[in-house]
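Engineer: Below is the file structure_19.cif, which contains mmCIF, C-alpha atoms (C1' of nucleotides).
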data_protein
loop_
_atom_site.label_atom_id
_atom_site.label_comp_id
_atom_site.auth_asym_id
_atom_site.auth_seq_id
_atom_site.Cartn_x
_atom_site.Cartn_y
_atom_site.Cartn_z
CA MET A 1 121.25 108.82 79.94
CA GLU A 2 120.17 111.76 77.83
CA SER A 3 117.90 109.46 75.91
CA ARG A 4 116.28 108.25 79.07
CA ILE A 5 115.65 111.81 80.14
CA GLU A 6 114.21 112.50 76.73
CA LYS A 7 111.88 109.56 77.08
CA ILE A 8 110.69 110.71 80.48
CA LYS A 9 110.18 114.17 79.07
CA GLN A 10 107.92 112.71 76.43
CA GLN A 11 106.00 110.72 78.99
CA LEU A 12 105.42 113.89 80.96
CA GLN A 13 104.43 115.93 77.95
CA SER A 14 102.05 113.29 76.69
CA GLN A 15 100.08 113.88 79.88
CA GLY A 16 100.32 117.64 79.76
CA PHE A 17 103.17 117.96 82.24
CA LYS A 18 106.46 119.70 81.77
CA LEU A 19 110.01 118.64 82.39
CA THR A 20 110.99 121.65 84.45
CA PRO A 21 114.59 122.23 85.52
CA GLN A 22 113.73 120.97 89.00
CA ARG A 23 112.17 117.83 87.63
CA GLU A 24 115.07 117.26 85.30
CA ALA A 25 117.55 117.67 88.14
CA THR A 26 115.56 115.20 90.20
CA VAL A 27 115.49 112.70 87.38
CA ARG A 28 119.24 113.07 86.87
CA ILE A 29 119.87 112.27 90.49
CA LEU A 30 117.68 109.22 90.21
CA LEU A 31 119.50 108.07 87.10
CA GLU A 32 122.90 108.62 88.69
CA ASN A 33 121.87 106.61 91.71
CA GLU A 34 119.87 103.98 89.98
CA GLN A 35 121.29 101.18 92.06
CA ASP A 36 120.36 102.76 95.34
CA HIS A 37 116.89 103.05 96.71
CA LEU A 38 116.83 106.68 97.67
CA SER A 39 114.35 108.22 100.05
CA ALA A 40 112.75 111.57 99.30
CA GLU A 41 115.06 113.23 101.78
CA GLU A 42 118.12 111.66 100.20
CA VAL A 43 117.00 112.72 96.75
CA TYR A 44 116.47 116.20 98.11
CA MET A 45 119.97 116.38 99.56
CA LEU A 46 121.52 115.26 96.30
CA VAL A 47 119.36 117.44 94.11
CA LYS A 48 120.27 120.50 96.14
CA ASP A 49 123.83 120.14 94.91
CA ILE A 50 122.82 120.67 91.32
CA ALA A 51 119.69 122.79 91.88
CA PRO A 52 120.15 124.55 95.22
CA GLU A 53 116.92 126.50 95.10
CA ILE A 54 114.71 123.44 94.95
CA GLY A 55 112.28 122.78 97.80
CA LEU A 56 111.52 119.52 99.54
CA ALA A 57 107.88 119.76 98.57
CA THR A 58 108.84 119.88 94.91
CA VAL A 59 110.90 116.76 95.31
CA TYR A 60 107.95 115.01 96.89
CA ARG A 61 105.64 116.26 94.19
CA THR A 62 108.03 115.16 91.47
CA LEU A 63 108.49 111.72 92.96
CA GLU A 64 104.76 111.36 93.34
CA LEU A 65 104.15 112.44 89.77
CA LEU A 66 106.79 110.11 88.37
CA SER A 67 105.32 107.27 90.39
CA GLU A 68 101.93 107.91 88.88
CA LEU A 69 103.46 107.83 85.43
CA HIS A 70 105.10 104.52 86.38
CA VAL A 71 108.53 105.98 85.80
CA LEU A 72 109.29 105.26 89.42
CA GLU A 73 108.13 102.70 91.85
CA LYS A 74 107.49 103.76 95.40
CA LEU A 75 108.90 101.20 97.79
CA ASN A 76 108.66 100.69 101.48
CA PHE A 77 111.22 98.66 103.33
CA GLY A 78 109.63 99.32 106.67
CA ASP A 79 112.22 101.81 107.88
CA GLY A 80 109.74 104.63 108.09
CA VAL A 81 110.55 106.33 104.79
CA ALA A 82 109.36 105.74 101.27
CA ARG A 83 112.04 104.88 98.74
CA TYR A 84 111.94 105.23 95.02
CA ASP A 85 113.19 103.01 92.28
CA LEU A 86 113.38 103.69 88.57
CA ARG A 87 111.39 101.27 86.50
CA SER A 88 113.26 99.99 83.52
CA ASP A 89 110.21 99.38 81.43
CA ASP A 90 106.70 100.57 81.82
CA ASN A 91 104.62 97.54 82.36
CA HIS A 92 106.68 94.93 84.02
CA HIS A 93 108.69 95.55 87.05
CA HIS A 94 109.39 92.18 88.39
CA HIS A 95 112.51 92.27 90.39
CA HIS A 96 113.38 91.18 93.87
CA HIS A 97 115.33 92.58 96.77
CA LEU A 98 117.94 90.96 98.95
CA ILE A 99 118.04 92.93 102.17
CA CYS A 100 120.94 92.15 104.48
CA VAL A 101 119.89 92.28 108.11
CA GLU A 102 123.47 92.90 109.18
CA CYS A 103 124.69 95.74 107.00
CA GLY A 104 121.37 96.93 105.63
CA SER A 105 122.48 96.68 102.03
CA VAL A 106 119.81 96.17 99.41
CA LYS A 107 120.72 94.24 96.31
CA GLU A 108 118.42 93.96 93.39
CA ILE A 109 117.77 90.91 91.28
CA LYS A 110 116.31 91.63 87.91
CA GLU A 111 114.95 88.27 87.01
CA ASP A 112 111.41 87.29 87.53
CA TRP A 113 111.12 83.99 89.23
CA LEU A 114 107.48 84.19 90.05
CA LEU A 115 105.61 83.69 86.83
CA PRO A 116 104.84 80.06 87.62
CA LEU A 117 103.52 81.11 91.00
CA GLU A 118 101.36 83.78 89.47
CA ASP A 119 99.83 81.23 87.17
CA ARG A 120 99.12 79.06 90.14
CA LEU A 121 97.51 81.94 92.03
CA PHE A 122 95.13 82.47 89.20
CA ARG A 123 94.26 78.81 88.98
CA GLU A 124 93.86 78.21 92.69
CA PHE A 125 92.63 81.54 94.00
CA LYS A 126 91.25 83.29 90.93
CA PHE A 127 93.57 86.12 91.82
CA LYS A 128 94.86 88.01 88.82
CA VAL A 129 98.32 89.34 89.57
CA ILE A 130 99.22 92.77 88.28
CA ASP A 131 102.46 93.23 90.11
CA HIS A 132 104.31 91.77 92.98
CA ARG A 133 106.86 92.54 95.56
CA LEU A 134 109.39 90.05 96.81
CA ASP A 135 111.96 90.88 99.44
CA PHE A 136 114.30 88.48 101.14
CA GLN A 137 115.85 89.27 104.48
CA GLY A 138 119.07 87.49 105.23
CA ILE A 139 122.83 87.68 105.34
CA CYS A 140 124.67 88.95 102.30
CA SER A 141 127.83 87.28 101.10
CA GLU A 142 130.09 90.05 102.42
CA CYS A 143 128.69 89.81 105.93
CA ALA A 144 128.73 86.03 105.76
CA GLU A 145 132.45 86.17 105.05
CA LYS A 146 133.07 88.24 108.13
CA HIS A 147 131.48 85.41 110.03
CA SER A 148 133.47 82.68 108.39
CA GLY A 149 135.61 81.18 111.08
CA ASN A 150 132.99 81.25 113.77
CA GLU A 151 130.20 78.76 113.80
CA THR A 152 127.17 80.96 113.90
CA SER A 153 124.31 78.97 112.54
CA LEU A 154 122.63 80.94 109.85
CA ASN A 155 119.37 79.50 110.99
CA ASP A 156 119.55 81.51 114.17
CA GLN A 157 117.36 84.49 114.49
CA PRO A 158 119.33 87.66 113.99
CA SER A 159 119.55 89.68 117.16
CA ALA A 160 117.59 92.28 115.22
CA MET B 161 93.05 80.68 122.64
CA GLU B 162 93.82 80.58 126.36
CA SER B 163 96.77 78.35 125.63
CA ARG B 164 98.13 80.80 123.13
CA ILE B 165 97.87 83.59 125.66
CA GLU B 166 99.61 81.37 128.15
CA LYS B 167 102.40 80.77 125.70
CA ILE B 168 102.83 84.46 125.03
CA LYS B 169 102.83 85.07 128.75
CA GLN B 170 105.69 82.65 129.11
CA GLN B 171 107.59 84.28 126.28
CA LEU B 172 107.23 87.61 127.99
CA GLN B 173 108.21 86.30 131.38
CA SER B 174 111.24 84.50 130.06
CA GLN B 175 112.56 87.91 129.06
CA GLY B 176 111.61 89.60 132.30
CA PHE B 177 108.42 91.20 131.01
CA LYS B 178 104.95 90.90 132.40
CA LEU B 179 101.62 90.09 130.84
CA THR B 180 99.74 93.06 132.24
CA PRO B 181 95.98 93.43 131.83
CA GLN B 182 96.57 95.93 129.04
CA ARG B 183 98.90 93.60 127.22
CA GLU B 184 96.55 90.70 127.67
CA ALA B 185 93.67 92.73 126.32
CA THR B 186 95.78 93.72 123.34
CA VAL B 187 96.76 90.12 122.67
CA ARG B 188 93.13 89.03 122.89
CA ILE B 189 92.17 91.55 120.26
CA LEU B 190 94.94 90.33 118.03
CA LEU B 191 93.87 86.73 118.48
CA GLU B 192 90.23 87.57 117.81
CA ASN B 193 91.19 89.35 114.63
CA GLU B 194 93.89 87.05 113.47
CA GLN B 195 92.79 87.12 109.88
CA ASP B 196 92.92 90.87 109.62
CA HIS B 197 96.04 92.94 109.50
CA LEU B 198 95.20 95.54 112.09
CA SER B 199 96.93 98.86 112.41
CA ALA B 200 97.91 100.23 115.81
CA GLU B 201 94.99 102.60 115.70
CA GLU B 202 92.57 99.80 114.87
CA VAL B 203 93.94 97.68 117.69
CA TYR B 204 93.54 100.66 119.98
CA MET B 205 89.91 101.17 119.04
CA LEU B 206 89.11 97.52 119.62
CA VAL B 207 91.09 97.23 122.83
CA LYS B 208 89.28 100.22 124.29
CA ASP B 209 86.08 98.20 124.26
CA ILE B 210 87.49 95.67 126.70
CA ALA B 211 90.00 97.88 128.50
CA PRO B 212 88.70 101.44 128.22
CA GLU B 213 91.46 103.04 130.26
CA ILE B 214 94.25 101.95 127.94
CA GLY B 215 96.30 104.56 126.13
CA LEU B 216 97.43 104.62 122.53
CA ALA B 217 101.07 104.74 123.61
CA THR B 218 100.64 101.52 125.53
CA VAL B 219 99.23 99.85 122.47
CA TYR B 220 102.21 101.00 120.42
CA ARG B 221 104.62 99.87 123.10
CA THR B 222 102.92 96.49 123.37
CA LEU B 223 102.92 96.00 119.63
CA GLU B 224 106.57 96.95 119.47
CA LEU B 225 107.46 94.62 122.31
CA LEU B 226 105.59 91.71 120.80
CA SER B 227 107.29 92.33 117.49
CA GLU B 228 110.69 92.15 119.14
CA LEU B 229 109.71 88.86 120.70
CA HIS B 230 108.65 87.65 117.25
CA VAL B 231 105.13 87.11 118.47
CA LEU B 232 103.99 89.63 115.91
CA GLU B 233 105.30 90.69 112.58
CA LYS B 234 105.17 94.35 111.72
CA LEU B 235 104.01 94.78 108.16
CA ASN B 236 103.82 97.70 105.84
CA PHE B 237 101.50 97.65 102.88
CA GLY B 238 102.40 101.14 101.83
CA ASP B 239 99.23 102.81 103.04
CA GLY B 240 101.02 104.90 105.61
CA VAL B 241 100.31 102.79 108.66
CA ALA B 242 102.10 99.83 110.16
CA ARG B 243 100.07 96.67 110.47
CA TYR B 244 100.61 93.72 112.71
CA ASP B 245 100.27 90.05 112.10
CA LEU B 246 100.46 87.22 114.61
CA ARG B 247 103.16 84.73 113.84
CA SER B 248 101.98 81.19 114.11
CA ASP B 249 105.37 79.77 115.02
CA ASP B 250 108.51 81.46 116.15
CA ASN B 251 111.02 80.72 113.48
CA HIS B 252 109.25 80.40 110.22
CA HIS B 253 106.83 82.90 108.96
CA HIS B 254 106.61 82.16 105.34
CA HIS B 255 103.31 83.28 104.07
CA HIS B 256 102.26 85.51 101.25
CA HIS B 257 99.73 88.28 100.75
CA LEU B 258 97.29 88.86 97.97
CA ILE B 259 96.45 92.54 97.97
CA CYS B 260 93.53 93.59 95.83
CA VAL B 261 94.14 96.95 94.20
CA GLU B 262 90.42 97.47 93.78
CA CYS B 263 88.90 96.76 97.15
CA GLY B 264 92.06 96.80 99.25
CA SER B 265 91.41 93.39 100.75
CA VAL B 266 94.39 91.43 101.95
CA LYS B 267 94.23 87.67 101.81
CA GLU B 268 96.86 85.49 103.34
CA ILE B 269 98.33 82.34 101.89
CA LYS B 270 99.98 80.11 104.39
CA GLU B 271 102.05 77.95 102.11
CA ASP B 272 105.65 78.62 101.43
CA TRP B 273 106.35 78.52 97.74
CA LEU B 274 109.78 79.99 97.87
CA LEU B 275 112.06 77.36 99.31
CA PRO B 276 113.42 76.41 95.89
CA LEU B 277 114.15 80.04 95.20
CA GLU B 278 115.91 80.45 98.50
CA ASP B 279 118.16 77.56 97.67
CA ARG B 280 118.93 79.17 94.40
CA LEU B 281 119.73 82.49 96.04
CA PHE B 282 122.27 80.80 98.21
CA ARG B 283 123.85 79.00 95.29
CA GLU B 284 123.94 81.94 92.91
CA PHE B 285 124.35 84.92 95.22
CA LYS B 286 125.71 83.43 98.43
CA PHE B 287 122.79 85.13 100.11
CA LYS B 288 121.52 83.23 103.13
CA VAL B 289 117.81 83.85 103.51
CA ILE B 290 116.42 84.24 107.01
CA ASP B 291 112.96 85.41 106.11
CA HIS B 292 111.10 86.79 103.21
CA ARG B 293 108.17 88.86 102.27
CA LEU B 294 106.05 88.25 99.23
CA ASP B 295 103.10 90.40 98.31
CA PHE B 296 101.09 90.22 95.15
CA GLN B 297 99.05 93.16 93.95
CA GLY B 298 96.19 92.31 91.68
CA ILE B 299 92.48 91.79 91.33
CA CYS B 300 90.75 89.46 93.75
CA SER B 301 88.12 87.02 92.60
CA GLU B 302 85.27 89.08 94.04
CA CYS B 303 86.30 92.21 92.18
CA ALA B 304 86.99 90.25 89.03
CA GLU B 305 83.41 89.01 89.11
CA LYS B 306 82.08 92.52 89.24
CA HIS B 307 83.96 93.09 86.03
CA SER B 308 82.72 89.99 84.30
CA GLY B 309 80.57 91.15 81.47
CA ASN B 310 82.74 94.07 80.50
CA GLU B 311 85.94 93.49 78.65
CA THR B 312 88.45 95.16 80.87
CA SER B 313 91.76 93.59 80.13
CA LEU B 314 93.38 92.54 83.33
CA ASN B 315 96.69 93.46 81.80
CA ASP B 316 95.77 97.11 81.93
CA GLN B 317 97.37 99.20 84.55
CA PRO B 318 94.89 99.94 87.29
CA SER B 319 93.95 103.58 87.37
CA ALA B 320 95.72 103.63 90.73
"C1'" DC C 321 95.67 135.51 80.51
"C1'" DT C 322 95.65 130.71 81.86
"C1'" DG C 323 97.40 126.62 83.61
"C1'" DG C 324 100.92 124.20 85.37
"C1'" DG C 325 104.88 124.53 88.60
"C1'" DT C 326 107.47 126.24 92.61
"C1'" DG C 327 109.05 127.60 97.36
"C1'" DC C 328 107.89 128.36 101.77
"C1'" DA C 329 105.64 127.56 105.84
"C1'" DA C 330 102.04 125.43 108.08
"C1'" DA C 331 99.36 121.37 108.73
"C1'" DA C 332 98.57 116.64 108.93
"C1'" DG C 333 99.03 111.96 110.39
"C1'" DG C 334 101.39 108.17 112.44
"C1'" DT C 335 104.61 107.01 115.93
"C1'" DT C 336 107.77 107.87 119.81
"C1'" DT C 337 109.25 109.86 124.06
"C1'" DG C 338 109.45 112.31 128.71
"C1'" DC C 339 107.63 112.25 132.88
"C1'" DA C 340 105.06 111.54 136.98
"C1'" DT C 341 102.57 107.87 138.84
"C1'" DA C 342 101.32 103.04 139.89
"C1'" DC C 343 102.20 98.29 140.49
"C1'" DC C 344 104.73 94.02 141.96
"C1'" DC C 345 108.54 91.03 143.92
"C1'" DG D 346 113.07 100.14 146.84
"C1'" DG D 347 114.13 98.83 142.23
"C1'" DG D 348 112.47 97.63 138.08
"C1'" DT D 349 108.76 97.34 134.92
"C1'" DA D 350 104.47 99.38 133.07
"C1'" DT D 351 101.08 102.99 132.22
"C1'" DG D 352 98.49 107.33 130.71
"C1'" DC D 353 98.86 111.67 129.14
"C1'" DA D 354 100.68 115.18 126.51
"C1'" DA D 355 104.28 116.91 124.00
"C1'" DA D 356 107.62 116.02 120.61
"C1'" DC D 357 109.09 113.95 116.31
"C1'" DC D 358 109.37 112.88 111.57
"C1'" DT D 359 107.84 112.14 107.13
"C1'" DT D 360 104.67 113.66 103.90
"C1'" DT D 361 100.97 116.72 102.24
"C1'" DT D 362 98.68 121.03 101.54
"C1'" DG D 363 97.55 126.14 101.08
"C1'" DC D 364 98.92 130.01 99.04
"C1'" DA D 365 101.21 133.65 96.75
"C1'" DC D 366 104.18 134.05 93.05
"C1'" DC D 367 106.42 132.72 88.62
"C1'" DC D 368 106.85 131.23 83.92
"C1'" DA D 369 105.64 129.53 79.13
"C1'" DG D 370 102.38 129.43 75.42
#
Starting from the file, lay out its structure as structure tokens.

Structural biologist:
Amino acid sequence: MESRIEKIKQQLQSQGFKLTPQREATVRILLENEQDHLSAEEVYMLVKDIAPEIGLATVYRTLELLSELHVLEKLNFGDGVARYDLRSDDNHHHHHHLICVECGSVKEIKEDWLLPLEDRLFREFKFKVIDHRLDFQGICSECAEKHSGNETSLNDQPSA
Amino acid sequence: MESRIEKIKQQLQSQGFKLTPQREATVRILLENEQDHLSAEEVYMLVKDIAPEIGLATVYRTLELLSELHVLEKLNFGDGVARYDLRSDDNHHHHHHLICVECGSVKEIKEDWLLPLEDRLFREFKFKVIDHRLDFQGICSECAEKHSGNETSLNDQPSA
DNA sequence: CTGGGTGCAAAAGGTTTGCATACCC
DNA sequence: GGGTATGCAAACCTTTTGCACCCAG
């Protein structure tokens, strides 16, 4: 964890930015909650616990800056707020999301299953892929278990 | 086109809603611009030409209603506005987007390349897919041509 | 001193809501 | 009349911006 902070510090400094206490606190929160996809507001709430004087605007500015440095990825699941996700390495961020329409949980899959498709896109459409975004909406295993026993067809539309 | 409006009218009526002149005008705009991914504001501007008295709120309410009926899909490309896309059939909406990071164009691919992956998700993660969303960011063929001649590596990060 | 960084409050921009009015069975 | 639908304006919410102040080199 310290080494990851150190690395981010170097990334900042290499561009002339500083790892201020506020930024460090923000990064720590992101590291501690790496599995979640926190919104700016959520990050703010958590950061306030360890750096009470911080302002929301600073959190936004930090998240924006880290996104530009490709330390974070800014995500949008369509719920009206931007969410942020640490990138594990700097150039490839090919993971996928499983979004449960029942409980709202978001699970991350680290593998990249799309390389063959990206090749095909280039061949068929001359479209050179830089990054992609793949989200699946469906029913997670936990929610599916709650249903076991009734006969709900999983092909039905969810009642949204 | 008239038959598609008729079908939407029936979908509305089956749920106790009406196809009012404002809603019909909105649907016509969506049909006429099926290839684009219009924002609410853009729909509003276009609808005003054929139904000048309409209000923005009505457009939002219509778009929301049609999304609930699965006539439209509400999309978010991360540019701060929701966009809307007509669904060609009611249960399967498996298409993909090619988003050019240079010119911002969005091209739609109608095929579904992900069925094998969805099977795999169910086998490996017990996750039952209902729908998915796949967007590729990259360089479209038009923009790539503008670059032909210089040596820009397409593996470079775009300057965002 | 200079440049980046911060907090606060205000502004911005997209979307939603309250309400009085209008329409239709 | 009861329910749905509409236009307008106000409210909302997330995000951005302006500005005075602060800190490190």

Engineer: Could I have chain B as a short mmCIF file (atom, residue, chain, number, x, y, z; two decimals) with C-alpha atoms, keeping the file's coordinate frame after it is superimposed on chain A by least squares, pairing all C-alpha atoms in sequence order?

Structural biologist:
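Output contents, as saved in superposed12.cif:
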data_model
loop_
_atom_site.label_atom_id
_atom_site.label_comp_id
_atom_site.auth_asym_id
_atom_site.auth_seq_id
_atom_site.Cartn_x
_atom_site.Cartn_y
_atom_site.Cartn_z
CA MET B 161 121.02 108.80 79.78
CA GLU B 162 119.88 111.76 77.68
CA SER B 163 117.55 109.47 75.81
CA ARG B 164 116.00 108.27 79.01
CA ILE B 165 115.40 111.83 80.11
CA GLU B 166 113.90 112.52 76.73
CA LYS B 167 111.57 109.60 77.14
CA ILE B 168 110.47 110.74 80.57
CA LYS B 169 109.94 114.20 79.17
CA GLN B 170 107.61 112.76 76.58
CA GLN B 171 105.74 110.78 79.19
CA LEU B 172 105.22 113.93 81.18
CA GLN B 173 104.17 115.98 78.21
CA SER B 174 101.73 113.38 76.99
CA GLN B 175 99.86 113.93 80.24
CA GLY B 176 100.09 117.70 80.12
CA PHE B 177 103.00 118.01 82.53
CA LYS B 178 106.29 119.73 81.98
CA LEU B 179 109.86 118.67 82.50
CA THR B 180 110.93 121.68 84.53
CA PRO B 181 114.56 122.25 85.51
CA GLN B 182 113.77 120.98 89.00
CA ARG B 183 112.18 117.84 87.67
CA GLU B 184 115.01 117.27 85.27
CA ALA B 185 117.55 117.68 88.03
CA THR B 186 115.61 115.21 90.15
CA VAL B 187 115.47 112.69 87.32
CA ARG B 188 119.20 113.07 86.72
CA ILE B 189 119.90 112.25 90.33
CA LEU B 190 117.70 109.21 90.11
CA LEU B 191 119.43 108.05 86.95
CA GLU B 192 122.87 108.61 88.45
CA ASN B 193 121.92 106.58 91.48
CA GLU B 194 119.89 103.94 89.80
CA GLN B 195 121.33 101.14 91.84
CA ASP B 196 120.47 102.72 95.14
CA HIS B 197 117.02 103.01 96.58
CA LEU B 198 117.03 106.65 97.56
CA SER B 199 114.63 108.20 100.00
CA ALA B 200 113.03 111.56 99.29
CA GLU B 201 115.39 113.20 101.72
CA GLU B 202 118.41 111.61 100.06
CA VAL B 203 117.21 112.70 96.64
CA TYR B 204 116.74 116.18 98.04
CA MET B 205 120.27 116.35 99.40
CA LEU B 206 121.73 115.22 96.10
CA VAL B 207 119.51 117.42 93.96
CA LYS B 208 120.50 120.48 95.97
CA ASP B 209 124.03 120.10 94.65
CA ILE B 210 122.91 120.66 91.08
CA ALA B 211 119.82 122.77 91.72
CA PRO B 212 120.39 124.53 95.05
CA GLU B 213 117.16 126.50 95.02
CA ILE B 214 114.92 123.44 94.95
CA GLY B 215 112.59 122.77 97.85
CA LEU B 216 111.86 119.51 99.62
CA ALA B 217 108.18 119.77 98.72
CA THR B 218 109.05 119.92 95.05
CA VAL B 219 111.10 116.78 95.38
CA TYR B 220 108.19 115.01 97.05
CA ARG B 221 105.78 116.26 94.42
CA THR B 222 108.10 115.18 91.62
CA LEU B 223 108.60 111.76 93.13
CA GLU B 224 104.88 111.37 93.58
CA LEU B 225 104.18 112.47 90.03
CA LEU B 226 106.76 110.14 88.56
CA SER B 227 105.34 107.29 90.59
CA GLU B 228 101.89 107.93 89.17
CA LEU B 229 103.34 107.85 85.70
CA HIS B 230 105.00 104.53 86.57
CA VAL B 231 108.40 106.00 85.92
CA LEU B 232 109.27 105.28 89.51
CA GLU B 233 108.14 102.71 91.97
CA LYS B 234 107.61 103.78 95.53
CA LEU B 235 109.04 101.20 97.87
CA ASN B 236 108.88 100.69 101.56
CA PHE B 237 111.47 98.60 103.33
CA GLY B 238 109.99 99.23 106.72
CA ASP B 239 112.60 101.70 107.90
CA GLY B 240 110.15 104.55 108.13
CA VAL B 241 110.94 106.26 104.86
CA ALA B 242 109.65 105.74 101.36
CA ARG B 243 112.23 104.86 98.76
CA TYR B 244 112.07 105.22 95.04
CA ASP B 245 113.22 102.98 92.28
CA LEU B 246 113.34 103.70 88.56
CA ARG B 247 111.31 101.29 86.52
CA SER B 248 113.15 100.03 83.52
CA ASP B 249 110.04 99.44 81.43
CA ASP B 250 106.52 100.61 81.91
CA ASN B 251 104.52 97.48 82.35
CA HIS B 252 106.66 94.90 83.97
CA HIS B 253 108.64 95.53 87.03
CA HIS B 254 109.40 92.13 88.30
CA HIS B 255 112.52 92.25 90.30
CA HIS B 256 113.39 91.15 93.77
CA HIS B 257 115.34 92.57 96.69
CA LEU B 258 117.89 90.97 98.91
CA ILE B 259 117.96 92.93 102.13
CA CYS B 260 120.81 92.20 104.48
CA VAL B 261 119.71 92.33 108.09
CA GLU B 262 123.27 92.96 109.20
CA CYS B 263 124.53 95.78 107.05
CA GLY B 264 121.22 96.97 105.62
CA SER B 265 122.38 96.71 102.03
CA VAL B 266 119.76 96.18 99.39
CA LYS B 267 120.70 94.26 96.29
CA GLU B 268 118.42 93.98 93.33
CA ILE B 269 117.79 90.92 91.23
CA LYS B 270 116.37 91.63 87.85
CA GLU B 271 115.05 88.23 86.94
CA ASP B 272 111.48 87.27 87.42
CA TRP B 273 111.22 83.94 89.15
CA LEU B 274 107.57 84.09 89.92
CA LEU B 275 105.74 83.58 86.67
CA PRO B 276 104.98 79.94 87.46
CA LEU B 277 103.60 80.98 90.80
CA GLU B 278 101.45 83.64 89.24
CA ASP B 279 99.94 81.08 86.94
CA ARG B 280 99.21 78.94 89.90
CA LEU B 281 97.58 81.79 91.77
CA PHE B 282 95.22 82.31 88.91
CA ARG B 283 94.37 78.64 88.70
CA GLU B 284 93.94 78.03 92.41
CA PHE B 285 92.68 81.37 93.70
CA LYS B 286 91.31 83.10 90.62
CA PHE B 287 93.62 85.93 91.55
CA LYS B 288 94.92 87.83 88.53
CA VAL B 289 98.36 89.19 89.31
CA ILE B 290 99.25 92.63 88.01
CA ASP B 291 102.47 93.12 89.89
CA HIS B 292 104.31 91.69 92.78
CA ARG B 293 106.84 92.48 95.37
CA LEU B 294 109.36 90.01 96.68
CA ASP B 295 111.89 90.86 99.33
CA PHE B 296 114.22 88.49 101.05
CA GLN B 297 115.74 89.30 104.41
CA GLY B 298 118.94 87.52 105.20
CA ILE B 299 122.69 87.70 105.39
CA CYS B 300 124.59 88.97 102.38
CA SER B 301 127.77 87.32 101.22
CA GLU B 302 129.97 90.11 102.57
CA CYS B 303 128.53 89.85 106.06
CA ALA B 304 128.60 86.08 105.94
CA GLU B 305 132.33 86.25 105.28
CA LYS B 306 132.89 88.34 108.35
CA HIS B 307 131.29 85.51 110.26
CA SER B 308 133.32 82.78 108.67
CA GLY B 309 135.48 81.36 111.37
CA ASN B 310 132.88 81.53 114.09
CA GLU B 311 130.08 79.04 114.16
CA THR B 312 127.06 81.25 114.13
CA SER B 313 124.24 79.20 112.77
CA LEU B 314 122.53 81.09 110.04
CA ASN B 315 119.29 79.58 111.21
CA ASP B 316 119.42 81.65 114.35
CA GLN B 317 117.15 84.59 114.58
CA PRO B 318 119.12 87.77 114.10
CA SER B 319 119.28 89.80 117.26
CA ALA B 320 117.18 92.33 115.36
#

Engineer: Please provide as a list of chain:residue names all residues within 10 Å of D:DG348, with the sequence filter that same-chain residues fewer than 4 positions apart are discarded (counting only C-alpha atoms (C1' of nucleotides)).

Structural biologist: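 Here the answer would be B:Gly176, C:DC344, C:DC345.
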
Engineer: Contacts of C:DA340 at 12 Å or less, counting only C-alpha atoms (C1' of nucleotides), minus same-chain residues fewer than 5 places along, as a list in words?

Structural biologist: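 Near neighbours after the sequence-gap exclusion: DT351, DG352, DC353 and DA354 of chain D.
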
Engineer: Mind giving me the straight-line distance from atom CA of A:Glu32 to atom CA of A:Leu46 in Å, one decimal?

Structural biologist: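 Result for atom CA of A:Glu32 versus atom CA of A:Leu46: 10.2 Å, one decimal.
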
Engineer: Using the chain letters and numbering of this document, enumerate as a PyMOL selection string the residues selected by the PyMOL selection byres ((chain A) within 12 of (chain C)).

Structural biologist: chain A and resi 13+15-23+52-59+61-62+80

Engineer: Just so the selection is clear, what residues does the PyMOL selection byres ((chain D) within 12 of (chain A)) cover here, as an MDAnalysis selection string?

Structural biologist: chainID D and resid 358:362 368:369

Engineer: I would like the residues chosen by the PyMOL selection byres ((chain B) within 10 of (chain A)) on the shown file; could you give them as a ChimeraX atom specification?

Structural biologist: /B:228,230,234-242,250-251,256-261,269,273-274,277-278,281-282,285-305,314-320

Engineer: Provide the atom CA of B:Asp272 to atom CA of B:Leu225 distance in Å, to one decimal place.

Structural biologist: 26.4 Å

Engineer: Atom CA of A:Ser14 to atom CA of A:Thr26: how many Å, to one decimal?

Structural biologist: 19.2 Å

Engineer: Please determine an axis-aligned box that encloses all atoms of stretch 360-369 of chain D listed in the file, with 4 Å added on each side, and express its centre and edge lengths in Å to one decimal as JSON.

Structural biologist:
{"center_x": 102.2, "center_y": 123.9, "center_z": 91.5, "size_x": 17.3, "size_y": 28.4, "size_z": 32.8}
